[in-house]
Each structure stands twice: as structure tokens, then as C-alpha cells.
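Please read the structure below before turning to the comments.
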Amino acid sequence: MKYISTRGSAPALGFEDVTLAGLASDGGLYLPEAWPSFSRDQIAAMAGLSYVETAVRVMAPFVAGSLSEDELRDLCTQAYGRFSVESVTPLVQLDHQHWLLELFHGPTLAFKDVALQLLGLLFEKFLSRRDDHLTIVGATSGDTGSAAIDAVAGREKIDIFMLHPDGRVSDVQRRQMTTVRAPNVHNIAIDGSFDDAQALVKRMFNDPGFSGRFRLSAVNSINWARLMAQVVYYFYAAVRLGAPGRDIAFAVPTGNFGDVFAGYVAARMGLPIRQLIVATNVNDILHRALSDGDYSQGKVVATATPSMDIQVSSNFERLLFDAGGGDGAALAEQMREFEATKAMRLTNAQREGAAGLFSSARVDADGMTLAMRWAYEGGGQIIDPHTAVGLCAAKSADIDPTIPIVTLATAHPAKFRDAVERATGTRPSLPARIGSLFDREEAYTKLPATFEAITGFVAEHATAKA
Ligand SMILES: *Cc1c(COP(=O)(O)O)cnc(C)c1O
């Protein structure tokens, strides 16, 4: 399988190179040259398969040429063996039409584990083939940092430097990062905001001398391998609910458009998806783009769903490319315009290409609270605020009542205990497997938010040196 860039001028690469590169050299994102597809019989034959076997079937075409089926199976067995339930991503029924797909049974309690646990293993495998090292640098306001650290802790070929704003992440989130004690894990609390942290990371990547010397790499959802790993649970859930014999709809709490784009990929591969409901909070750039073609950046508003407080969705570019006819040169021009003016209109082809599958909804704090209460009082389920945004959108969608609607449950409610308690009156407890979080010792370094301080620290501690 070869991958091409959405901006049309980077060389086509195989899966191994695409995984290690993350972003394409022309600033675009990688997509497969052509979508693999499954027949109805092939999808029907997935019934009864374990999560790992489903993962091998769904991902094998994407890794062809870089991993054998046995290698892929071995990595999936390791990655998904770390989840606390046998089915990895269980389905829970709420009523005759609504289901939850619980994606939070991994080590850090958010759906990001599903992709990052595999990505950590892929990095290690590919780096050991080349006898090479990588330095992962990231800024986090919560979920991504802990999931990335857990995924690479103790791996020999990788160092990870994760910046968080000192005093501005929750105790649970900080401890999930700082109690991971491994020589390759470096937590840095900067004296500044999340935006400062992100600006510092960007500057490191944009400094070719520095990023080349330490072989910097990113683990955010622009990495194709992360999206690929997320395609699996759409197949797994849909087949359990009767696909390909009937259509299934999905409602997805959305920020960077990674998770819901994986659903689009599943549909392109032949899974009968009736509709993908993109649920945003009041940071609604995607809702505006999908409902009236207006992709213009607003100001980020802080909400109870911080992982969706985003005003630019990097992976949306992948949809614009694929649904808009695959013209890389035209998209590069369109993205240049967006980067200069922070606004653009979708073309008619892009709007029509998306309209067949996507709908969208903007959910405010009241909608979120009502959905949390409905799940609790009606379905006996305590759900987290992100999941509640998805469920609210699912319940207001205009879909034939015989079609099951699956809401992706993206975080464990215990990660957002205060918000859940406010809405339902019940305070969810931390699962036993991370219950000792508050007894473990923390390690992190406090640094001023300056380029010199951070790069000096990375230079001193990174193993990769060109
Ligand atoms: C990251 C995240 C999201 C958003 O997912 P995208 O792939 O960025 O759209 C939603 N909910 C939770 C809990 C998350 O951590």
C-alpha cells in the first residue's frame, strides 16, 4: 500500500515511512492511494471474530508491504491485551435505538489509548529495523499526553518530552503523566499556559536544525496509523449489531476530526454506515462547515469537554481532499488561503461529497447535561461530558427508528468527575486499575516557558542525536 499527500507534492510512501513521518513534507496529510474494500460476504465473515482478529482483517490491507499478517497480529495482541475488558470496545444498550460504544477501557481511560497503544509498538518495531531513534515532543492539556506517555514508556528507541501548563491540568490528568516512571519519559511543567506550551513545541518543529538533529516526531492525530487503528471499532461494533445485513449510524464527539474520519474510512471500505453524526460543543467550526460550507476559525471557548475545545480540525483536510475529488494542488491553494485568512468556503464538490454521509450538531452545556441525565436515569449509565455531547446529537438526529445509532463513548466518566457529579448527583469512582494514582510518586521538571530552557533540557536528555 502506498500513501499520497493531500497537498499533492510530497513523494508517495509506504506504511512504515508514513508512520514515522507523521506529516507529509509538503505540509499535507497522508491518505492511502486507493481505498481497500470488503465485499458483503467478507464483512459478514467478521461476525464472531475477536477484537484482535477483526483488527487484523481491517488493517492488513493498509500495512501491506510493511508488516506481515503475523507481525500485525502480534502487535495487536500486545496493544489490546492492555485493555481491561476482553471485548476491548464493548457495546452497551441504552434503549431500542441507542447504544454506547465504550472506547475507554485502555490504560489511561480515554479512547486515544486504542490508537496510541498500537502506535507506540509500531514506532518501536520500525525503529528497531532501522536501528534509529526518535524524540517525541508534545504539548498537552490532558488526554493526549497521558495516552502517549503510557504508550511509549520504557521503549528503548524513543524519548518522550511532554509539556503541560503548570497548575492548569487536573490532578488526575497530571498524575496520569507524572507517575509513569521510566527513563525515556520526561514530563515538563512549564510556567505558562497551554497555548505557550503549544507555541514552544511548534517552534521546535519549525527549527530544522533542532528538529533534524533530535529526529523530532509527533503523536497527534495527523498520524495516519492512529486513524487506521480507529477504523477497526466501527467494523467491530457494526458487525455485532447486524451489519452488513442492516445499516448502522454513529454519533461521534468531535474535536480534531480524527475519530469520525475513521468512520468515513470504514464507509469507504464498504461498511454500511447510514450516517455519521459529527457532534461539536459550542466550538462549532465543523458544524458550520458541514451545515453551510463556512470553515472559519472562531475564538476557542473553554467548556466541560476540553478535548473538543478546538477551532481548527487538522484531519478535516483529509475529508476535503477525498470528498472533494482528490485534487492536491487545488487543496494546497485552499489551505494556504485558510492559513492566511483563517477562513474559507468549502467547494460545491466538497459539500456534496460530505453530505451523503455526514450530518452535524452543535451541543451546548444544557444539551450535554440533559443527555448525561437521560443516560443515567433512562439507561442506568454514567457517561462523561464528551460522550454526552455525542449522545445529545444522536438523540436529535433525524434517522429511521429501525437504524441503530451508536454513540462513541470517548472517555471514562471518572476522568471528569466534577462535571458528571454536577449533572447527575453521582460521583464516579476511579477504576481499580488506576486507583493507586494518588499513592504513587510523581516526577516532573518545572521550567520557564522559554525556547532556550526547553530546547536545552531536550538536548541534554534526548538519546537521538544526528
Ligand atoms: C480527543 C478526544 C475527542 C475528540 O476526538 P477527535 O479525534 O480529535 O475528533 C473526544 N473526546 C475525548 C474524550 C477525547 O479525548
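By order of appearance in the C-alpha cells: chains A, B, ..., then residues from 1 within every chain, and ligands from 1 in the order shown.
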10 Å contact set for Phe457 in chain A, only C-alpha atoms, chain neighbours under 2 positions out, as an NGL selection string: :A and (161 or 186 or 188 or 445 or 447 or 451-455 or 459-462)
Selection file, all heavy atoms, as a JSON list (two decimals), in the first residue's frame:
[["chain", "number", "residue", "atom", "x", "y", "z"],
["A", 161, "PHE", "N", 9.06, 13.85, 25.45],
["A", 161, "PHE", "CA", 9.06, 15.07, 26.26],
["A", 161, "PHE", "C", 7.66, 15.67, 26.16],
["A", 161, "PHE", "O", 7.23, 16.05, 25.08],
["A", 161, "PHE", "CB", 10.10, 16.07, 25.72],
["A", 161, "PHE", "CG", 11.51, 15.56, 25.86],
["A", 161, "PHE", "CD1", 12.06, 14.71, 24.90],
["A", 161, "PHE", "CD2", 12.29, 15.93, 26.95],
["A", 161, "PHE", "CE1", 13.36, 14.23, 25.04],
["A", 161, "PHE", "CE2", 13.59, 15.45, 27.10],
["A", 161, "PHE", "CZ", 14.13, 14.60, 26.14],
["A", 186, "HIS", "N", 9.85, 12.14, 29.97],
["A", 186, "HIS", "CA", 10.25, 13.43, 30.55],
["A", 186, "HIS", "C", 9.05, 14.35, 30.59],
["A", 186, "HIS", "O", 8.62, 14.86, 29.57],
["A", 186, "HIS", "CB", 11.38, 14.06, 29.73],
["A", 186, "HIS", "CG", 12.54, 13.14, 29.52],
["A", 186, "HIS", "ND1", 13.53, 12.96, 30.46],
["A", 186, "HIS", "CD2", 12.85, 12.30, 28.50],
["A", 186, "HIS", "CE1", 14.41, 12.07, 30.03],
["A", 186, "HIS", "NE2", 14.02, 11.65, 28.84],
["A", 188, "ILE", "N", 7.42, 17.83, 31.61],
["A", 188, "ILE", "CA", 7.87, 19.19, 31.86],
["A", 188, "ILE", "C", 6.65, 20.06, 32.16],
["A", 188, "ILE", "O", 5.71, 20.13, 31.36],
["A", 188, "ILE", "CB", 8.60, 19.77, 30.63],
["A", 188, "ILE", "CG1", 9.82, 18.90, 30.28],
["A", 188, "ILE", "CG2", 9.02, 21.22, 30.89],
["A", 188, "ILE", "CD1", 10.48, 19.27, 28.96],
["A", 445, "THR", "N", 9.74, 18.04, 35.78],
["A", 445, "THR", "CA", 10.67, 19.15, 35.89],
["A", 445, "THR", "C", 9.92, 20.43, 35.59],
["A", 445, "THR", "O", 9.19, 20.50, 34.60],
["A", 445, "THR", "CB", 11.80, 18.96, 34.85],
["A", 445, "THR", "OG1", 12.38, 17.67, 35.06],
["A", 445, "THR", "CG2", 12.85, 20.03, 34.99],
["A", 447, "LEU", "N", 10.00, 24.16, 34.31],
["A", 447, "LEU", "CA", 10.89, 25.02, 33.51],
["A", 447, "LEU", "C", 10.16, 26.30, 33.13],
["A", 447, "LEU", "O", 8.93, 26.31, 32.99],
["A", 447, "LEU", "CB", 11.31, 24.29, 32.22],
["A", 447, "LEU", "CG", 12.26, 23.09, 32.34],
["A", 447, "LEU", "CD1", 12.49, 22.47, 30.97],
["A", 447, "LEU", "CD2", 13.60, 23.48, 32.96],
["A", 451, "PHE", "N", 12.09, 29.22, 24.93],
["A", 451, "PHE", "CA", 12.64, 28.30, 23.93],
["A", 451, "PHE", "C", 13.99, 27.75, 24.40],
["A", 451, "PHE", "O", 14.27, 26.55, 24.28],
["A", 451, "PHE", "CB", 12.79, 29.04, 22.60],
["A", 451, "PHE", "CG", 13.08, 28.14, 21.43],
["A", 451, "PHE", "CD1", 12.15, 27.21, 21.01],
["A", 451, "PHE", "CD2", 14.29, 28.25, 20.75],
["A", 451, "PHE", "CE1", 12.42, 26.38, 19.92],
["A", 451, "PHE", "CE2", 14.56, 27.42, 19.66],
["A", 451, "PHE", "CZ", 13.63, 26.49, 19.25],
["A", 452, "GLU", "N", 14.81, 28.63, 24.97],
["A", 452, "GLU", "CA", 16.16, 28.22, 25.41],
["A", 452, "GLU", "C", 16.07, 27.16, 26.51],
["A", 452, "GLU", "O", 16.79, 26.16, 26.50],
["A", 452, "GLU", "CB", 16.96, 29.43, 25.91],
["A", 452, "GLU", "CG", 17.32, 30.44, 24.82],
["A", 452, "GLU", "CD", 16.11, 31.15, 24.22],
["A", 452, "GLU", "OE1", 15.13, 31.43, 24.96],
["A", 452, "GLU", "OE2", 16.11, 31.39, 22.99],
["A", 453, "ALA", "N", 15.18, 27.38, 27.47],
["A", 453, "ALA", "CA", 15.08, 26.45, 28.60],
["A", 453, "ALA", "C", 14.62, 25.07, 28.12],
["A", 453, "ALA", "O", 15.17, 24.03, 28.51],
["A", 453, "ALA", "CB", 14.11, 26.99, 29.65],
["A", 454, "ILE", "N", 13.61, 25.05, 27.24],
["A", 454, "ILE", "CA", 13.04, 23.77, 26.81],
["A", 454, "ILE", "C", 14.02, 23.03, 25.90],
["A", 454, "ILE", "O", 14.27, 21.83, 26.07],
["A", 454, "ILE", "CB", 11.70, 23.98, 26.05],
["A", 454, "ILE", "CG1", 10.73, 24.83, 26.88],
["A", 454, "ILE", "CG2", 11.07, 22.65, 25.68],
["A", 454, "ILE", "CD1", 10.24, 24.23, 28.15],
["A", 455, "THR", "N", 14.58, 23.74, 24.91],
["A", 455, "THR", "CA", 15.48, 23.05, 23.98],
["A", 455, "THR", "C", 16.75, 22.60, 24.71],
["A", 455, "THR", "O", 17.29, 21.54, 24.40],
["A", 455, "THR", "CB", 15.86, 23.95, 22.79],
["A", 455, "THR", "OG1", 16.30, 25.21, 23.29],
["A", 455, "THR", "CG2", 14.69, 24.15, 21.86],
["A", 459, "ALA", "N", 17.90, 18.77, 24.65],
["A", 459, "ALA", "CA", 19.25, 18.44, 24.16],
["A", 459, "ALA", "C", 20.02, 17.63, 25.20],
["A", 459, "ALA", "O", 20.75, 16.69, 24.86],
["A", 459, "ALA", "CB", 20.01, 19.73, 23.82],
["A", 460, "GLU", "N", 19.83, 17.96, 26.44],
["A", 460, "GLU", "CA", 20.57, 17.27, 27.50],
["A", 460, "GLU", "C", 20.09, 15.83, 27.69],
["A", 460, "GLU", "O", 20.87, 14.93, 28.00],
["A", 460, "GLU", "CB", 20.39, 18.06, 28.80],
["A", 460, "GLU", "CG", 21.32, 17.63, 29.91],
["A", 460, "GLU", "CD", 21.03, 18.46, 31.17],
["A", 460, "GLU", "OE1", 20.66, 19.65, 31.03],
["A", 460, "GLU", "OE2", 21.12, 17.90, 32.27],
["A", 461, "HIS", "N", 18.77, 15.59, 27.49],
["A", 461, "HIS", "CA", 18.22, 14.28, 27.85],
["A", 461, "HIS", "C", 17.88, 13.37, 26.68],
["A", 461, "HIS", "O", 17.59, 12.18, 26.89],
["A", 461, "HIS", "CB", 16.97, 14.46, 28.72],
["A", 461, "HIS", "CG", 17.28, 15.05, 30.06],
["A", 461, "HIS", "ND1", 17.24, 16.41, 30.30],
["A", 461, "HIS", "CD2", 17.68, 14.48, 31.21],
["A", 461, "HIS", "CE1", 17.59, 16.64, 31.56],
["A", 461, "HIS", "NE2", 17.86, 15.48, 32.13],
["A", 462, "ALA", "N", 17.85, 13.87, 25.45],
["A", 462, "ALA", "CA", 17.44, 13.03, 24.32],
["A", 462, "ALA", "C", 18.57, 12.06, 23.93],
["A", 462, "ALA", "O", 19.73, 12.42, 23.97],
["A", 462, "ALA", "CB", 17.06, 13.88, 23.12]]
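Omitting Ala394 in chain A and its sequence neighbours fewer than 5 positions away, and counting only C-alpha atoms, the residues within 7 Å are Ala251, Ile277, Ile405 and Thr407 of chain A.
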10 Å shell around ligand 1 using only C-alpha atoms and all ligand atoms, listed as a VMD selection string: chain A and resid 103 to 104 109 to 113 142 to 144 147 220 to 222 226 to 227 230 252 to 262 278 to 280 305 to 310 313 to 316 384 to 390 408 to 413 415 to 416
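Around Lys2 in chain A, within 9 Å and counting only C-alpha atoms, the residues found are Ile4, Ala12, Leu13, Gly14, Phe15, Leu31, Pro32, Glu33, Ala34, Phe62 and Gly65 of chain A, once anything fewer than 2 positions away on its own chain is removed.
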Can you spit out the residues from that selection as a CSV table (one decimal), in the first residue's frame, using N, CA, C and O atoms?
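Saved the output as out21.csv:
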chain,number,residue,atom,x,y,z
A,4,ILE,N,-0.4,8.9,-0.4
A,4,ILE,CA,-0.1,10.1,-1.0
A,4,ILE,C,-0.5,11.3,-0.1
A,4,ILE,O,-1.4,11.1,0.8
A,12,ALA,N,5.1,9.7,-2.7
A,12,ALA,CA,4.3,8.7,-2.2
A,12,ALA,C,5.2,7.8,-1.3
A,12,ALA,O,6.3,7.5,-1.7
A,13,LEU,N,4.7,7.3,-0.2
A,13,LEU,CA,5.5,6.5,0.7
A,13,LEU,C,4.7,5.3,1.1
A,13,LEU,O,3.5,5.2,1.1
A,14,GLY,N,5.4,4.3,1.6
A,14,GLY,CA,4.8,3.1,2.2
A,14,GLY,C,4.4,3.3,3.6
A,14,GLY,O,4.7,4.4,4.2
A,15,PHE,N,3.7,2.3,4.2
A,15,PHE,CA,3.2,2.5,5.6
A,15,PHE,C,4.2,2.8,6.6
A,15,PHE,O,4.0,3.6,7.5
A,31,LEU,N,-2.9,9.9,2.9
A,31,LEU,CA,-4.0,9.1,2.7
A,31,LEU,C,-3.6,7.9,1.8
A,31,LEU,O,-2.7,8.1,0.9
A,32,PRO,N,-4.2,6.8,1.9
A,32,PRO,CA,-3.9,5.7,1.0
A,32,PRO,C,-4.3,6.1,-0.4
A,32,PRO,O,-5.2,6.8,-0.7
A,33,GLU,N,-3.4,5.6,-1.3
A,33,GLU,CA,-3.6,5.9,-2.8
A,33,GLU,C,-5.0,5.5,-3.3
A,33,GLU,O,-5.6,6.1,-4.1
A,34,ALA,N,-5.5,4.3,-2.8
A,34,ALA,CA,-6.8,3.9,-3.1
A,34,ALA,C,-7.4,3.2,-1.9
A,34,ALA,O,-6.6,2.6,-1.1
A,62,PHE,N,-3.9,-2.1,4.8
A,62,PHE,CA,-3.2,-0.8,5.0
A,62,PHE,C,-1.7,-0.9,5.3
A,62,PHE,O,-0.9,0.0,5.0
A,65,GLY,N,3.1,-4.7,2.8
A,65,GLY,CA,4.4,-4.2,2.3
A,65,GLY,C,5.3,-3.8,3.4
A,65,GLY,O,6.5,-3.7,3.3
Selected residue of minimal separation from Ala47 in chain A among A:Ile383, A:Ala238, A:Met162, A:Ala60, counting only C-alpha atoms: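 Comparing A:Ile383, A:Ala238, A:Met162, A:Ala60 against Ala47 in chain A, the winner is A:Ala238.
Take the candidates A:Ala21, A:Val231, A:Leu200, A:Val300 and check each one against Gly270 in chain A using only C-alpha atoms; the shortest distance goes to A:Val231.
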Best match for closeness to Phe250 in chain A among A:Thr426, A:Ser359, A:Ser128, A:Gln311, counting only C-alpha atoms: A:Ser359
Residue neighbourhood Val137 in chain A, 8 Å, only C-alpha atoms, exclusion window fewer than 5 positions, as a PyMOL selection string: chain A and resi 160-163+201+216-218
Selection near Val58 in chain A, 7 Å with only C-alpha atoms, sequence-local residues under 3 positions removed, as JSON, numbers by chain: {"A": [54, 55, 232]}
Restricting the output to all heavy atoms, write the selected residues as a PDB file, in the first residue's frame.
ATOM      1  N   THR A  54     -10.503  -9.065  14.259  1.00  0.00           N
ATOM      2  CA  THR A  54     -11.152  -8.038  13.434  1.00  0.00           C
ATOM      3  C   THR A  54     -10.115  -6.988  13.029  1.00  0.00           C
ATOM      4  O   THR A  54     -10.058  -6.558  11.872  1.00  0.00           O
ATOM      5  CB  THR A  54     -12.297  -7.352  14.222  1.00  0.00           C
ATOM      6  OG1 THR A  54     -13.158  -8.359  14.745  1.00  0.00           O
ATOM      7  CG2 THR A  54     -13.090  -6.404  13.340  1.00  0.00           C
ATOM      8  N   ALA A  55      -9.280  -6.603  14.005  1.00  0.00           N
ATOM      9  CA  ALA A  55      -8.254  -5.588  13.736  1.00  0.00           C
ATOM     10  C   ALA A  55      -7.303  -6.060  12.639  1.00  0.00           C
ATOM     11  O   ALA A  55      -6.942  -5.287  11.742  1.00  0.00           O
ATOM     12  CB  ALA A  55      -7.479  -5.283  15.018  1.00  0.00           C
ATOM     13  N   VAL A 232     -11.052   0.188  13.027  1.00  0.00           N
ATOM     14  CA  VAL A 232     -11.391  -1.175  13.464  1.00  0.00           C
ATOM     15  C   VAL A 232     -12.688  -1.221  14.270  1.00  0.00           C
ATOM     16  O   VAL A 232     -13.557  -2.054  14.033  1.00  0.00           O
ATOM     17  CB  VAL A 232     -10.227  -1.762  14.299  1.00  0.00           C
ATOM     18  CG1 VAL A 232     -10.611  -3.112  14.896  1.00  0.00           C
ATOM     19  CG2 VAL A 232      -8.965  -1.875  13.449  1.00  0.00           C
TER      20      VAL A 232
END
Those of range 356-425 of chain A in DSSP helix (DSSP H, G or I), formatted as a VMD selection string: chain A and resid 365 to 379 385 to 396 413 to 424
Keeping only N, CA, C and O atoms, write those residues as a compact mmCIF listing (two decimals), in the first residue's frame.
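Dumped to selection39.txt:
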# COMPACT_ATOMS: atom_id res chain seq x y z
N ALA A 365 -24.05 23.53 26.76
CA ALA A 365 -23.93 22.92 28.09
C ALA A 365 -25.24 22.29 28.55
O ALA A 365 -25.24 21.22 29.18
N ASP A 366 -26.39 22.92 28.22
CA ASP A 366 -27.67 22.35 28.63
C ASP A 366 -27.94 21.02 27.93
O ASP A 366 -28.39 20.06 28.55
N GLY A 367 -27.66 20.98 26.63
CA GLY A 367 -27.85 19.74 25.87
C GLY A 367 -27.00 18.62 26.44
O GLY A 367 -27.44 17.48 26.59
N MET A 368 -25.77 18.96 26.78
CA MET A 368 -24.85 17.97 27.35
C MET A 368 -25.38 17.44 28.68
O MET A 368 -25.41 16.23 28.93
N THR A 369 -25.84 18.35 29.53
CA THR A 369 -26.33 17.94 30.85
C THR A 369 -27.57 17.05 30.73
O THR A 369 -27.69 16.03 31.40
N LEU A 370 -28.48 17.44 29.83
CA LEU A 370 -29.69 16.64 29.64
C LEU A 370 -29.36 15.24 29.17
O LEU A 370 -29.95 14.26 29.62
N ALA A 371 -28.40 15.13 28.26
CA ALA A 371 -28.02 13.81 27.75
C ALA A 371 -27.40 12.97 28.86
O ALA A 371 -27.66 11.76 28.97
N MET A 372 -26.60 13.60 29.72
CA MET A 372 -25.99 12.86 30.83
C MET A 372 -27.06 12.32 31.77
O MET A 372 -27.01 11.19 32.22
N ARG A 373 -28.07 13.17 32.02
CA ARG A 373 -29.16 12.74 32.91
C ARG A 373 -30.00 11.65 32.27
O ARG A 373 -30.40 10.69 32.92
N TRP A 374 -30.26 11.80 30.97
CA TRP A 374 -31.08 10.79 30.28
C TRP A 374 -30.39 9.43 30.31
O TRP A 374 -31.02 8.40 30.58
N ALA A 375 -29.07 9.42 30.07
CA ALA A 375 -28.34 8.15 30.07
C ALA A 375 -28.39 7.52 31.47
O ALA A 375 -28.51 6.30 31.62
N TYR A 376 -28.32 8.38 32.47
CA TYR A 376 -28.27 7.87 33.85
C TYR A 376 -29.66 7.40 34.30
O TYR A 376 -29.83 6.28 34.79
N GLU A 377 -30.66 8.26 34.08
CA GLU A 377 -31.99 7.93 34.60
C GLU A 377 -32.71 6.92 33.70
O GLU A 377 -33.42 6.05 34.20
N GLY A 378 -32.50 7.05 32.39
CA GLY A 378 -33.19 6.15 31.47
C GLY A 378 -32.45 4.86 31.20
O GLY A 378 -33.05 3.79 31.12
N GLY A 379 -31.12 4.95 31.10
CA GLY A 379 -30.36 3.77 30.69
C GLY A 379 -29.46 3.21 31.78
O GLY A 379 -28.77 2.22 31.56
N PRO A 385 -18.74 13.90 29.95
CA PRO A 385 -19.30 15.03 29.20
C PRO A 385 -19.10 14.94 27.68
O PRO A 385 -19.99 15.33 26.91
N HIS A 386 -17.94 14.42 27.22
CA HIS A 386 -17.70 14.31 25.78
C HIS A 386 -18.72 13.34 25.15
O HIS A 386 -19.33 13.62 24.11
N THR A 387 -18.89 12.20 25.81
CA THR A 387 -19.86 11.21 25.34
C THR A 387 -21.25 11.83 25.32
O THR A 387 -22.05 11.56 24.40
N ALA A 388 -21.55 12.66 26.32
CA ALA A 388 -22.88 13.27 26.41
C ALA A 388 -23.14 14.21 25.23
O ALA A 388 -24.26 14.29 24.73
N VAL A 389 -22.11 14.90 24.79
CA VAL A 389 -22.27 15.76 23.60
C VAL A 389 -22.64 14.89 22.40
O VAL A 389 -23.55 15.21 21.62
N GLY A 390 -21.98 13.75 22.27
CA GLY A 390 -22.30 12.82 21.18
C GLY A 390 -23.71 12.29 21.29
O GLY A 390 -24.47 12.25 20.30
N LEU A 391 -24.10 11.90 22.49
CA LEU A 391 -25.43 11.32 22.69
C LEU A 391 -26.53 12.34 22.43
O LEU A 391 -27.57 12.02 21.85
N CYS A 392 -26.31 13.58 22.84
CA CYS A 392 -27.30 14.62 22.59
C CYS A 392 -27.51 14.78 21.09
O CYS A 392 -28.65 14.86 20.61
N ALA A 393 -26.42 14.78 20.33
CA ALA A 393 -26.53 14.89 18.86
C ALA A 393 -27.24 13.66 18.29
O ALA A 393 -28.07 13.76 17.38
N ALA A 394 -26.94 12.49 18.84
CA ALA A 394 -27.56 11.25 18.35
C ALA A 394 -29.07 11.31 18.54
O ALA A 394 -29.85 10.92 17.67
N LYS A 395 -29.49 11.81 19.71
CA LYS A 395 -30.92 11.83 20.02
C LYS A 395 -31.69 12.84 19.20
O LYS A 395 -32.90 12.70 19.01
N SER A 396 -31.00 13.88 18.71
CA SER A 396 -31.73 14.86 17.91
C SER A 396 -31.58 14.60 16.42
O SER A 396 -32.12 15.34 15.60
N PRO A 413 -16.11 8.21 32.66
CA PRO A 413 -16.69 9.31 33.43
C PRO A 413 -15.81 9.74 34.61
O PRO A 413 -15.86 10.92 35.02
N ALA A 414 -15.00 8.83 35.15
CA ALA A 414 -14.17 9.20 36.31
C ALA A 414 -13.10 10.23 35.95
O ALA A 414 -12.52 10.88 36.81
N LYS A 415 -12.82 10.38 34.65
CA LYS A 415 -11.84 11.39 34.25
C LYS A 415 -12.39 12.79 34.42
O LYS A 415 -11.65 13.76 34.48
N PHE A 416 -13.71 12.91 34.46
CA PHE A 416 -14.36 14.23 34.54
C PHE A 416 -15.40 14.20 35.66
O PHE A 416 -16.58 14.45 35.45
N ARG A 417 -14.90 13.86 36.87
CA ARG A 417 -15.81 13.56 37.97
C ARG A 417 -16.67 14.74 38.39
O ARG A 417 -17.83 14.58 38.74
N ASP A 418 -16.07 15.94 38.37
CA ASP A 418 -16.83 17.08 38.87
C ASP A 418 -18.02 17.39 37.96
O ASP A 418 -19.14 17.60 38.43
N ALA A 419 -17.78 17.39 36.65
CA ALA A 419 -18.86 17.69 35.70
C ALA A 419 -19.95 16.62 35.77
O ALA A 419 -21.14 16.93 35.70
N VAL A 420 -19.55 15.39 35.93
CA VAL A 420 -20.54 14.31 35.99
C VAL A 420 -21.36 14.43 37.27
O VAL A 420 -22.59 14.28 37.25
N GLU A 421 -20.70 14.77 38.36
CA GLU A 421 -21.42 14.91 39.63
C GLU A 421 -22.42 16.07 39.55
O GLU A 421 -23.55 15.96 40.03
N ARG A 422 -22.00 17.16 38.91
CA ARG A 422 -22.91 18.30 38.77
C ARG A 422 -24.18 17.92 38.01
O ARG A 422 -25.27 18.33 38.35
N ALA A 423 -24.03 17.11 36.98
CA ALA A 423 -25.19 16.78 36.15
C ALA A 423 -26.06 15.68 36.74
O ALA A 423 -27.28 15.71 36.61
N THR A 424 -25.45 14.70 37.38
CA THR A 424 -26.22 13.51 37.78
C THR A 424 -26.33 13.36 39.29
O THR A 424 -27.11 12.53 39.76
Nearest-residue call for Val92 in chain A, choices A:Ile434, A:Val185, A:Leu271, A:Ile382, using only C-alpha atoms: A:Ile382
CA of Gly22 in chain A to CA of Glu156 in chain A, straight-line distance in Å: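 Separating CA of Glu156 in chain A from CA of Gly22 in chain A is a distance of 19.9 Å.
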DSSP-assigned strand (DSSP E) among range 197-287 of chain A, expressed as a VMD selection string: chain A and resid 216 to 217 248 to 253 273 to 280
Near-Gly435 in chain A list (12 Å; only C-alpha atoms; drop same-chain fewer than 4 positions) as a PyMOL selection string: chain A and resi 107-109+172+175-176+414-415+429-431+439-440
